[in-house]
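Source file: upload.pdb; contents: PDB, C-alpha atoms.
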MODEL        1
ATOM      1  CA  MET A 261       0.000   0.000   0.000
ATOM      2  CA  SER A 262       1.385   3.411  -0.960
ATOM      3  CA  ILE A 263       1.944   6.042   1.699
ATOM      4  CA  THR A 264      -0.068   9.250   1.434
ATOM      5  CA  LEU A 265       0.202  12.493   3.386
ATOM      6  CA  ASP A 266      -2.406  11.101   5.752
ATOM      7  CA  ALA A 267       0.594   9.386   7.382
ATOM      8  CA  LEU A 268       1.798  12.821   8.542
ATOM      9  CA  ALA A 269      -1.521  14.597   8.990
ATOM     10  CA  ARG A 270      -4.139  15.073  11.656
ATOM     11  CA  GLU A 271      -7.698  13.912  11.094
ATOM     12  CA  SER A 272      -8.411  17.432   9.837
ATOM     13  CA  GLY A 273      -5.937  16.933   6.996
ATOM     14  CA  THR A 274      -3.588  19.531   8.486
ATOM     15  CA  PHE A 275      -0.091  19.075   9.878
ATOM     16  CA  LEU A 276       1.223  19.482  13.435
ATOM     17  CA  MET A 277       4.765  18.148  13.151
ATOM     18  CA  VAL A 278       7.755  18.489  15.466
ATOM     19  CA  ALA A 279      11.281  18.966  14.085
ATOM     20  CA  MET A 280      14.117  17.401  16.072
ATOM     21  CA  ASP A 281      16.729  16.957  13.337
ATOM     22  CA  GLN A 282      18.977  19.827  14.411
ATOM     23  CA  ARG A 283      22.607  18.767  14.743
ATOM     24  CA  GLU A 284      25.423  21.254  15.388
ATOM     25  CA  SER A 285      22.876  24.039  15.815
ATOM     26  CA  LEU A 286      21.322  22.076  18.681
ATOM     27  CA  ARG A 287      24.754  21.520  20.217
ATOM     28  CA  THR A 288      25.338  25.283  20.090
ATOM     29  CA  MET A 289      21.994  25.937  21.783
ATOM     30  CA  LEU A 290      22.667  23.365  24.493
ATOM     31  CA  ALA A 291      26.176  24.751  25.073
ATOM     32  CA  GLU A 292      24.599  28.051  26.151
ATOM     33  CA  HIS A 293      23.205  26.210  29.189
ATOM     34  CA  HIS A 294      25.428  23.160  29.801
ATOM     35  CA  GLU A 295      29.166  22.511  29.971
ATOM     36  CA  ASP A 296      28.743  19.045  28.509
ATOM     37  CA  ALA A 297      26.881  19.677  25.231
ATOM     38  CA  ASP A 298      28.151  16.344  23.972
ATOM     39  CA  ASP A 299      26.549  13.702  21.770
ATOM     40  CA  SER A 300      25.009  11.962  24.776
ATOM     41  CA  ARG A 301      23.201  15.087  25.944
ATOM     42  CA  MET A 302      21.956  15.747  22.425
ATOM     43  CA  VAL A 303      20.531  12.243  22.155
ATOM     44  CA  ARG A 304      18.911  12.465  25.587
ATOM     45  CA  PHE A 305      17.259  15.727  24.668
ATOM     46  CA  LYS A 306      15.985  14.461  21.329
ATOM     47  CA  LEU A 307      14.555  11.298  22.844
ATOM     48  CA  ALA A 308      12.854  13.261  25.628
ATOM     49  CA  VAL A 309      11.206  15.489  23.034
ATOM     50  CA  ALA A 310      10.091  12.431  21.069
ATOM     51  CA  ARG A 311       8.719  10.707  24.154
ATOM     52  CA  GLU A 312       6.823  13.715  25.519
ATOM     53  CA  LEU A 313       5.673  15.472  22.353
ATOM     54  CA  GLY A 314       5.310  12.558  19.953
ATOM     55  CA  PRO A 315       1.836  11.585  21.233
ATOM     56  CA  TYR A 316       0.549  15.095  20.413
ATOM     57  CA  ALA A 317       2.253  15.530  17.035
ATOM     58  CA  SER A 318       1.080  14.250  13.668
ATOM     59  CA  GLY A 319       4.686  13.846  12.525
ATOM     60  CA  PHE A 320       8.176  13.774  14.043
ATOM     61  CA  LEU A 321      11.419  14.609  12.219
ATOM     62  CA  ILE A 322      14.815  13.325  13.353
ATOM     63  CA  ASP A 323      18.300  12.872  11.894
ATOM     64  CA  ARG A 324      20.059   9.517  11.673
ATOM     65  CA  GLN A 325      23.099  10.580  13.717
ATOM     66  CA  TYR A 326      21.561  11.476  17.067
ATOM     67  CA  GLY A 327      18.795   9.317  18.465
ATOM     68  CA  TYR A 328      17.132   7.763  15.425
ATOM     69  CA  GLU A 329      18.200   4.189  16.170
ATOM     70  CA  GLN A 330      17.170   4.428  19.832
ATOM     71  CA  LEU A 331      13.844   6.023  18.916
ATOM     72  CA  VAL A 332      13.053   3.150  16.563
ATOM     73  CA  ARG A 333      14.372   0.463  18.911
ATOM     74  CA  ASP A 334      12.396   1.709  21.899
ATOM     75  CA  ARG A 335       9.265   2.531  19.862
ATOM     76  CA  LEU A 336       9.000   5.950  21.430
ATOM     77  CA  LEU A 337       6.479   7.275  18.917
ATOM     78  CA  PRO A 338       2.861   6.135  18.747
ATOM     79  CA  THR A 339       1.751   4.623  15.440
ATOM     80  CA  SER A 340      -0.365   7.733  14.835
ATOM     81  CA  THR A 341       2.772   9.899  14.569
ATOM     82  CA  GLY A 342       4.489   9.709  11.190
ATOM     83  CA  LEU A 343       8.274   9.347  11.409
ATOM     84  CA  ILE A 344      10.355  11.540   9.080
ATOM     85  CA  LEU A 345      14.085  10.951   8.579
ATOM     86  CA  ALA A 346      16.428  13.759   7.525
ATOM     87  CA  ALA A 347      18.302  12.827   4.363
ATOM     88  CA  ASP A 348      20.541  15.894   4.205
ATOM     89  CA  ALA A 349      24.283  16.112   4.731
ATOM     90  CA  LEU A 350      24.987  19.538   6.217
ATOM     91  CA  VAL A 351      27.974  21.783   5.580
ATOM     92  CA  GLN A 352      28.058  23.621   8.903
ATOM     93  CA  PRO A 353      31.041  24.964  10.845
ATOM     94  CA  PRO A 354      30.916  24.563  14.642
ATOM     95  CA  GLY A 355      28.789  27.324  16.078
ATOM     96  CA  GLY A 356      27.811  28.557  12.623
ATOM     97  CA  VAL A 357      24.826  28.284  10.323
ATOM     98  CA  VAL A 358      24.324  25.644   7.656
ATOM     99  CA  GLU A 359      26.171  26.911   4.586
ATOM    100  CA  ASP A 360      25.219  24.202   2.094
ATOM    101  CA  THR A 361      23.711  20.731   1.887
ATOM    102  CA  ASP A 362      23.687  17.607  -0.222
ATOM    103  CA  LEU A 363      22.013  14.235  -0.138
ATOM    104  CA  ASP A 364      23.333  12.136   2.737
ATOM    105  CA  ASP A 365      24.861   8.975   1.248
ATOM    106  CA  GLY A 366      24.631   7.339   4.676
ATOM    107  CA  VAL A 367      20.834   7.305   4.696
ATOM    108  CA  ASP A 368      19.442   3.810   4.094
ATOM    109  CA  ALA A 369      16.063   4.630   2.582
ATOM    110  CA  GLY A 370      15.025   1.004   2.257
ATOM    111  CA  GLY A 371      15.967   0.259   5.840
ATOM    112  CA  ALA A 372      14.193   3.411   6.946
ATOM    113  CA  ARG A 373      10.925   2.216   5.474
ATOM    114  CA  SER A 374      11.377  -1.103   7.292
ATOM    115  CA  ASN A 375      11.903   0.895  10.506
ATOM    116  CA  GLY A 376       8.554   2.625  10.103
ATOM    117  CA  VAL A 377       9.767   5.837   8.476
ATOM    118  CA  VAL A 378       7.087   7.319   6.205
ATOM    119  CA  ALA A 379       8.979  10.293   4.749
ATOM    120  CA  LEU A 380      12.427  11.682   4.019
ATOM    121  CA  LYS A 381      13.307  15.368   4.369
ATOM    122  CA  LEU A 382      15.946  17.453   2.585
ATOM    123  CA  LEU A 383      17.166  20.933   3.504
ATOM    124  CA  ILE A 384      18.263  23.083   0.567
ATOM    125  CA  VAL A 385      20.094  26.377   1.123
ATOM    126  CA  TRP A 386      18.807  28.576  -1.716
ATOM    127  CA  ARG A 387      20.845  31.476  -3.042
ATOM    128  CA  ASP A 388      20.519  33.542  -6.192
ATOM    129  CA  ASP A 389      23.851  32.444  -7.617
ATOM    130  CA  GLU A 390      25.409  30.171 -10.233
ATOM    131  CA  GLN A 391      24.687  27.076  -8.110
ATOM    132  CA  ARG A 392      20.914  27.216  -8.620
ATOM    133  CA  PRO A 393      20.843  24.408 -11.242
ATOM    134  CA  ARG A 394      22.856  22.124  -8.951
ATOM    135  CA  ARG A 395      20.430  22.670  -6.103
ATOM    136  CA  VAL A 396      17.435  21.932  -8.301
ATOM    137  CA  ASP A 397      19.155  18.735  -9.438
ATOM    138  CA  THR A 398      19.834  17.766  -5.798
ATOM    139  CA  ALA A 399      16.176  18.334  -4.948
ATOM    140  CA  ARG A 400      15.059  16.185  -7.877
ATOM    141  CA  ARG A 401      17.431  13.377  -6.925
ATOM    142  CA  PHE A 402      16.041  13.523  -3.398
ATOM    143  CA  VAL A 403      12.458  13.215  -4.616
ATOM    144  CA  GLU A 404      13.444  10.286  -6.820
ATOM    145  CA  LEU A 405      15.203   8.570  -3.898
ATOM    146  CA  ALA A 406      12.148   8.848  -1.691
ATOM    147  CA  ARG A 407       9.786   7.733  -4.435
ATOM    148  CA  ALA A 408      11.961   4.735  -5.303
ATOM    149  CA  HIS A 409      11.523   3.436  -1.757
ATOM    150  CA  GLY A 410       7.834   4.243  -1.427
ATOM    151  CA  LEU A 411       8.458   7.173   0.920
ATOM    152  CA  LEU A 412       7.090  10.695   0.968
ATOM    153  CA  SER A 413       9.429  13.605   0.251
ATOM    154  CA  VAL A 414       9.540  16.774   2.367
ATOM    155  CA  LEU A 415      11.607  19.579   0.820
ATOM    156  CA  GLU A 416      12.822  22.478   2.971
ATOM    157  CA  PRO A 417      14.390  25.431   1.129
ATOM    158  CA  VAL A 418      15.970  28.115   3.341
ATOM    159  CA  VAL A 419      16.976  31.334   1.574
ATOM    160  CA  ARG A 420      20.241  33.180   2.080
ATOM    161  CA  GLY A 421      21.762  36.276   0.538
ATOM    162  CA  ARG A 422      24.011  39.240   1.080
ATOM    163  CA  PRO A 423      23.035  41.702   3.827
ATOM    164  CA  GLY A 424      19.990  43.670   2.792
ATOM    165  CA  PHE A 425      18.727  41.176   0.214
ATOM    166  CA  ASP A 426      14.963  40.929  -0.296
ATOM    167  CA  ARG A 427      14.298  37.842   1.810
ATOM    168  CA  GLU A 428      10.565  37.632   1.222
ATOM    169  CA  ALA A 429      10.917  37.923  -2.553
ATOM    170  CA  ALA A 430      13.615  35.217  -2.376
ATOM    171  CA  ILE A 431      11.267  32.918  -0.432
ATOM    172  CA  VAL A 432       8.717  33.235  -3.228
ATOM    173  CA  GLU A 433      11.329  32.769  -5.964
ATOM    174  CA  ALA A 434      12.679  29.658  -4.243
ATOM    175  CA  ALA A 435       9.126  28.328  -4.003
ATOM    176  CA  TYR A 436       8.669  28.721  -7.761
ATOM    177  CA  GLU A 437      12.026  27.113  -8.506
ATOM    178  CA  LEU A 438      11.984  24.218  -6.047
ATOM    179  CA  GLY A 439       8.298  23.660  -5.355
ATOM    180  CA  GLY A 440       7.836  22.084  -8.752
ATOM    181  CA  VAL A 441      10.406  19.277  -8.457
ATOM    182  CA  GLY A 442       7.714  16.801  -7.421
ATOM    183  CA  CYS A 443       8.030  16.798  -3.634
ATOM    184  CA  ASP A 444       5.003  15.693  -1.634
ATOM    185  CA  LEU A 445       5.272  18.419   1.003
ATOM    186  CA  TYR A 446       7.049  21.788   0.929
ATOM    187  CA  LYS A 447       8.454  23.257   4.153
ATOM    188  CA  CYS A 448       8.664  27.041   3.983
ATOM    189  CA  GLU A 449      10.159  29.811   6.085
ATOM    190  CA  VAL A 450       7.759  32.307   7.664
ATOM    191  CA  PRO A 451       7.839  35.610   5.768
ATOM    192  CA  THR A 452       9.132  38.564   7.832
ATOM    193  CA  HIS A 453      10.408  36.003  10.394
ATOM    194  CA  GLY A 454       6.906  36.312  11.831
ATOM    195  CA  ALA A 455       7.615  39.904  12.909
ATOM    196  CA  GLY A 456       5.329  41.580  10.387
ATOM    197  CA  GLU A 457       1.644  42.252  10.800
ATOM    198  CA  PRO A 458      -0.514  39.146  10.268
ATOM    199  CA  ASP A 459      -2.017  40.565   7.068
ATOM    200  CA  GLU A 460       1.474  41.112   5.646
ATOM    201  CA  ILE A 461       2.497  37.550   6.461
ATOM    202  CA  THR A 462      -0.714  36.231   4.917
ATOM    203  CA  ALA A 463      -0.169  38.250   1.737
ATOM    204  CA  TRP A 464       3.333  36.843   1.266
ATOM    205  CA  CYS A 465       2.053  33.345   2.009
ATOM    206  CA  ARG A 466      -0.573  33.665  -0.713
ATOM    207  CA  ARG A 467       2.294  34.249  -3.138
ATOM    208  CA  VAL A 468       4.059  31.137  -1.829
ATOM    209  CA  ASP A 469       0.811  29.202  -2.183
ATOM    210  CA  ALA A 470       0.504  30.292  -5.803
ATOM    211  CA  ALA A 471       4.087  29.145  -6.466
ATOM    212  CA  VAL A 472       3.945  25.704  -4.850
ATOM    213  CA  PRO A 473       1.779  23.008  -6.455
ATOM    214  CA  CYS A 474       1.841  20.697  -3.429
ATOM    215  CA  PRO A 475       0.695  21.150   0.190
ATOM    216  CA  TRP A 476       3.070  23.176   2.318
ATOM    217  CA  VAL A 477       3.832  23.995   5.941
ATOM    218  CA  VAL A 478       5.904  26.558   7.818
ATOM    219  CA  LEU A 479       9.004  26.101   9.955
ATOM    220  CA  SER A 480       9.878  28.205  12.996
ATOM    221  CA  GLN A 481      13.591  29.025  12.748
ATOM    222  CA  GLY A 482      14.129  32.749  13.144
ATOM    223  CA  VAL A 483      10.657  33.383  14.584
ATOM    224  CA  ASP A 484      10.209  34.556  18.178
ATOM    225  CA  PRO A 485       8.662  31.495  19.886
ATOM    226  CA  GLU A 486       5.995  33.662  21.520
ATOM    227  CA  ARG A 487       5.095  35.073  18.119
ATOM    228  CA  TYR A 488       4.935  31.713  16.371
ATOM    229  CA  PRO A 489       1.234  30.913  16.950
ATOM    230  CA  VAL A 490       0.276  34.240  15.355
ATOM    231  CA  ALA A 491       2.619  33.496  12.454
ATOM    232  CA  VAL A 492       1.169  30.018  11.931
ATOM    233  CA  GLU A 493      -2.381  31.357  11.838
ATOM    234  CA  ALA A 494      -1.370  34.062   9.362
ATOM    235  CA  ALA A 495       0.421  31.503   7.178
ATOM    236  CA  CYS A 496      -2.559  29.161   7.252
ATOM    237  CA  ARG A 497      -4.834  32.002   6.177
ATOM    238  CA  GLY A 498      -2.469  32.347   3.232
ATOM    239  CA  GLY A 499      -2.764  28.707   2.197
ATOM    240  CA  ALA A 500      -0.434  26.737   4.468
ATOM    241  CA  SER A 501      -1.586  23.371   5.772
ATOM    242  CA  GLY A 502       0.133  23.586   9.150
ATOM    243  CA  MET A 503       3.633  23.438  10.583
ATOM    244  CA  LEU A 504       6.807  21.428  10.965
ATOM    245  CA  ALA A 505       8.689  23.234  13.710
ATOM    246  CA  GLY A 506      11.154  22.657  16.515
ATOM    247  CA  ARG A 507      12.567  25.776  18.126
ATOM    248  CA  ALA A 508       9.204  27.453  18.716
ATOM    249  CA  VAL A 509       8.036  24.361  20.582
ATOM    250  CA  TRP A 510      10.976  23.191  22.710
ATOM    251  CA  THR A 511      13.541  26.039  22.992
ATOM    252  CA  ALA A 512      12.272  26.981  26.466
ATOM    253  CA  THR A 513      13.244  23.543  27.793
ATOM    254  CA  LEU A 514      16.931  23.568  26.763
ATOM    255  CA  ALA A 515      18.304  24.784  30.103
ATOM    256  CA  ALA A 516      16.953  21.860  32.130
ATOM    257  CA  ASP A 517      19.259  18.936  32.830
ATOM    258  CA  ASP A 518      16.224  16.708  32.261
ATOM    259  CA  PRO A 519      13.676  18.567  30.098
ATOM    260  CA  THR A 520      10.818  16.148  30.774
ATOM    261  CA  GLU A 521       8.826  18.289  33.189
ATOM    262  CA  LEU A 522       9.310  21.475  31.177
ATOM    263  CA  LEU A 523       8.236  19.671  28.019
ATOM    264  CA  ARG A 524       5.056  18.614  29.795
ATOM    265  CA  ALA A 525       4.411  22.022  31.359
ATOM    266  CA  HIS A 526       5.392  24.268  28.445
ATOM    267  CA  SER A 527       5.739  22.416  25.151
ATOM    268  CA  VAL A 528       2.665  20.200  25.322
ATOM    269  CA  PRO A 529       0.315  23.172  25.892
ATOM    270  CA  ARG A 530       2.070  25.049  23.071
ATOM    271  CA  LEU A 531       1.494  22.116  20.713
ATOM    272  CA  GLN A 532      -2.132  21.921  21.767
ATOM    273  CA  GLN A 533      -2.514  25.641  21.074
ATOM    274  CA  LEU A 534      -0.957  25.185  17.637
ATOM    275  CA  ALA A 535      -3.172  22.163  16.966
ATOM    276  CA  ALA A 536      -6.271  24.296  17.455
ATOM    277  CA  ILE A 537      -4.840  26.905  15.072
ATOM    278  CA  VAL A 538      -3.973  24.528  12.248
ATOM    279  CA  ASP A 539      -7.303  22.737  12.551
ATOM    280  CA  ALA A 540      -9.230  26.009  12.441
ATOM    281  CA  HIS A 541      -7.255  27.821   9.755
ATOM    282  CA  GLY A 542      -5.050  25.354   7.863
ATOM    283  CA  ARG A 543      -5.986  24.078   4.430
ATOM    284  CA  PRO A 544      -6.428  20.294   4.470
ATOM    285  CA  TRP A 545      -3.757  18.773   2.291
ATOM    286  CA  GLN A 546      -6.363  17.023   0.143
ATOM    287  CA  ALA A 547      -7.855  20.401  -0.790
ATOM    288  CA  LYS A 548      -4.506  21.720  -2.006
ATOM    289  CA  VAL A 549      -3.894  18.578  -4.064
ATOM    290  CA  ALA A 550      -7.363  18.835  -5.580
ATOM    291  CA  ALA A 551      -6.791  22.479  -6.430
TER     292      ALA A 551
ENDMDL
END

Structure translated into structure tokens:
Amino acid sequence: MSITLDALARESGTFLMVAMDQRESLRTMLAEHHEDADDSRMVRFKLAVARELGPYASGFLIDRQYGYEQLVRDRLLPTSTGLILAADALVQPPGGVVEDTDLDDGVDAGGARSNGVVALKLLIVWRDDEQRPRRVDTARRFVELARAHGLLSVLEPVVRGRPGFDREAAIVEAAYELGGVGCDLYKCEVPTHGAGEPDEITAWCRRVDAAVPCPWVVLSQGVDPERYPVAVEAACRGGASGMLAGRAVWTATLAADDPTELLRAHSVPRLQQLAAIVDAHGRPWQAKVAA
């Protein structure tokens, strides 16, 4: 039986997905609070997030390096939560941002499907430069890899440019260029980093919606966590079908040696708040496909 986006969606046809595939960026965040921001702490944090938030999320994204094998082995996610595996190799200096990406040759897509994975995800760093054709080719190869193994493909372009570049226009241009490669779900940045007025965010999102032929969701990187629910509602009013986000959900728990209680007290209510928003305002993925 083929996998459809129902494997990642709520009953409403919208998406409430948690991202936990951060690697060196997570280490940097943990190092602000702990002396031992080592691999073990990273894995413990990721597994705690999976254990506590997985039952409330429609999908959960993780990388293969930190916690994936334990998550699968210990069956930390309920069957109702679709498991997404990051398939991107990141070019990222310690303490810095991701500068470029490629397909991760170490990802075993066939084995992932056997482990219960329903989708692969690829981050693409989009720039208006001579490398645009290469990035489109990488995105197409990613979609083909997922399709060859009966998995869904989630494509995540993040735009970069010189200081002062028109970020919102670049988000739309990237959506036109990469949204048409055949991915099943497009993961988009929030216009204005969520800092603009809701109507402004919605207007930009309508342009993204016109550019992308498949259902799409918003991420939370760069958005003030307290502002994120407003941003998600504005994006959904512009055509988004929900969210796939990490920082806006669990950043407040990073300082705890064991984040379990903070995840229960802070992150679960935040997810429940976001669930109500995506159900009320998000476009069901089936409606976007039909359109």

ask   = Where does the PyMOL selection byres ((chain A and resi 539) around 10) land in this file, that is, which residues does it pick, as JSON, numbers by chain?
value = {"A": [270, 271, 272, 273, 274, 275, 276, 493, 496, 501, 502, 534, 535, 536, 537, 538, 540, 541, 542, 543, 544]}

inquiry  = What's the separation between atom CA of A:Asp334 and atom CA of A:Ala379, in Å to one decimal place?
reply    = 19.5 Å

message = Which residues would end up in the selection if the PyMOL selection byres ((chain A and resi 405) around 12) were applied here, given that I need the answer as a ChimeraX atom specification?
response = /A:347,363-365,367-370,379-382,398-404,406-414,442-443

request  = Mind checking which residues fall within 8 Å of A:Ser318, counting all atoms listed in the file, ignoring those fewer than 3 positions away in the same chain, and posting them as JSON, numbers by chain?
outcome  = {"A": [267, 268, 269, 270, 275, 276, 277, 314, 340, 341, 342]}

inquiry  = Using all atoms listed in the file for the distances, tell me which of A:Trp476, A:Trp464, A:Phe320, A:Tyr488 is nearest to A:Leu337.
reply    = A:Phe320

query = If you apply the PyMOL selection byres ((chain A and resi 395) around 12) to this file, what residues do you get, as an MDAnalysis selection string?
reply = chainID A and resid 360:363 382:394 396:402 415:418 434 437:438 441

ask   = So, counting all atoms listed in the file, which residue among A:Gly454, A:Gly366, A:Pro489, A:Gly424 is closest to A:Pro529?
value =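 Using all atoms listed in the file, the shortest distance to A:Pro529 belongs to A:Pro489.
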
key: Residue nearest A:Gly482 - candidates A:His453, A:Arg304, A:His294, A:Arg466, atoms counted: all atoms listed in the file   =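 When distances to A:Gly482 are compared using all atoms listed in the file, the smallest one comes from A:His453.
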
Nearest to A:Leu531, chosen from A:Ala491, A:Val377, A:Val509, A:Leu504, with all atoms listed in the file counted in the distances = A:Val509

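For the pair atom CA of A:Ile344 and atom CA of A:Val332, the separation is 11.6 Å.
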
task = Compile the contact shell of stretch 428-430 of chain A as a list in words: residues with an atom at most 7 Å away, counting all atoms listed in the file, same-chain residues fewer than 6 positions apart removed.
result =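 Once the nearby chain positions are removed, what remains is Val419, Pro451 and Thr452 of chain A.
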
ask   = Could you pull the residues within 10 Å of A:Val549, counting all atoms listed in the file, minus those fewer than 2 positions along the same chain, as a list in words?
value =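 Residues near the query, excluding close chain neighbours: Asp444, Pro473, Cys474, Pro475, Pro544, Trp545, Gln546, Ala547 and Ala551 of chain A.
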
Coordinates of box centre and edge lengths for stretch 342-356 of chain A, 8 Å on every side, axis-aligned, as AutoDock Vina command-line options:
--center_x 17.8 --center_y 19.0 --center_z 10.1 --size_x 42.6 --size_y 35.2 --size_z 27.9

Mind dumping a table of every stretch 341-458 of chain A residue within 8 Å of stretch 477-481 of chain A, with the nearest atom pair and its distance in Å to one decimal, using only C-alpha atoms, sorted by chain and rising number, as JSON lines?
{"residue": "A:Leu445", "atom": "CA", "partner": "A:Val477", "partner_atom": "CA", "distance": 7.6}
{"residue": "A:Tyr446", "atom": "CA", "partner": "A:Val477", "partner_atom": "CA", "distance": 6.4}
{"residue": "A:Lys447", "atom": "CA", "partner": "A:Val477", "partner_atom": "CA", "distance": 5.0}
{"residue": "A:Cys448", "atom": "CA", "partner": "A:Val478", "partner_atom": "CA", "distance": 4.7}
{"residue": "A:Glu449", "atom": "CA", "partner": "A:Leu479", "partner_atom": "CA", "distance": 5.5}
{"residue": "A:Val450", "atom": "CA", "partner": "A:Val478", "partner_atom": "CA", "distance": 6.0}

ask   = Rounded to one decimal in Å, what is the spacing between atom CA of A:Pro519 and atom CA of A:Val357?
value =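 Atom CA of A:Val357 lies 24.7 Å from atom CA of A:Pro519.
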
ask   = Between A:Ala297, A:Val492, A:Ala550, A:Ala516, which is the closest to A:Pro458 once you count all atoms listed in the file?
value = A:Val492

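Distances from A:Val358, A:Pro423, A:Ala463, A:Glu292 to A:Leu514 were compared using all atoms listed in the file, and the smallest one belongs to A:Glu292.
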
Neighbouring residues of A:Ala308 were defined as those with any atom within 9 Å, considering all atoms listed in the file; residues of the same chain fewer than 4 positions away were excluded. Please report them as an mmCIF file with C-alpha atoms, in the coordinates of the input.
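That gives us part.cif:
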data_model
loop_
_atom_site.group_PDB
_atom_site.id
_atom_site.type_symbol
_atom_site.label_atom_id
_atom_site.label_comp_id
_atom_site.auth_asym_id
_atom_site.auth_seq_id
_atom_site.Cartn_x
_atom_site.Cartn_y
_atom_site.Cartn_z
ATOM 1 C CA VAL A 303 20.531 12.243 22.155
ATOM 2 C CA ARG A 304 18.911 12.465 25.587
ATOM 3 C CA GLU A 312 6.823 13.715 25.519
ATOM 4 C CA LEU A 313 5.673 15.472 22.353
ATOM 5 C CA ASP A 518 16.224 16.708 32.261
ATOM 6 C CA PRO A 519 13.676 18.567 30.098
ATOM 7 C CA THR A 520 10.818 16.148 30.774
ATOM 8 C CA LEU A 523 8.236 19.671 28.019
#

Reconstruct all heavy atoms of stretch 285-290 of chain A from the incomplete input and present them as a compact mmCIF listing (two decimals), in the frame of the given file.
# COMPACT_ATOMS: atom_id res chain seq x y z
N SER A 285 23.62 22.90 15.29
CA SER A 285 22.88 24.04 15.82
C SER A 285 22.27 23.71 17.18
O SER A 285 22.24 24.57 18.08
CB SER A 285 21.78 24.47 14.84
OG SER A 285 20.89 23.40 14.57
N LEU A 286 21.83 22.48 17.37
CA LEU A 286 21.32 22.08 18.68
C LEU A 286 22.45 22.04 19.70
O LEU A 286 22.28 22.47 20.85
CB LEU A 286 20.65 20.70 18.59
CG LEU A 286 20.16 20.13 19.93
CD1 LEU A 286 19.10 21.03 20.56
CD2 LEU A 286 19.61 18.71 19.75
N ARG A 287 23.61 21.55 19.30
CA ARG A 287 24.75 21.52 20.22
C ARG A 287 25.09 22.94 20.68
O ARG A 287 25.38 23.18 21.86
CB ARG A 287 25.97 20.88 19.54
CG ARG A 287 27.09 20.53 20.53
CD ARG A 287 28.35 20.09 19.82
NE ARG A 287 28.14 19.01 18.88
CZ ARG A 287 28.08 17.72 19.22
NH1 ARG A 287 28.20 17.36 20.48
NH2 ARG A 287 27.90 16.80 18.29
N THR A 288 25.06 23.89 19.74
CA THR A 288 25.34 25.28 20.09
C THR A 288 24.31 25.81 21.08
O THR A 288 24.66 26.51 22.05
CB THR A 288 25.34 26.15 18.82
OG1 THR A 288 26.38 25.70 17.95
CG2 THR A 288 25.58 27.61 19.16
N MET A 289 23.04 25.49 20.87
CA MET A 289 21.99 25.94 21.78
C MET A 289 22.16 25.31 23.17
O MET A 289 22.02 25.98 24.19
CB MET A 289 20.62 25.62 21.20
CG MET A 289 20.21 26.49 20.04
SD MET A 289 18.51 26.19 19.48
CE MET A 289 18.76 24.73 18.45
N LEU A 290 22.47 24.03 23.21
CA LEU A 290 22.67 23.36 24.49
C LEU A 290 23.89 23.90 25.22
O LEU A 290 23.90 24.01 26.46
CB LEU A 290 22.80 21.85 24.28
CG LEU A 290 21.51 21.11 23.92
CD1 LEU A 290 21.82 19.69 23.47
CD2 LEU A 290 20.55 21.08 25.12
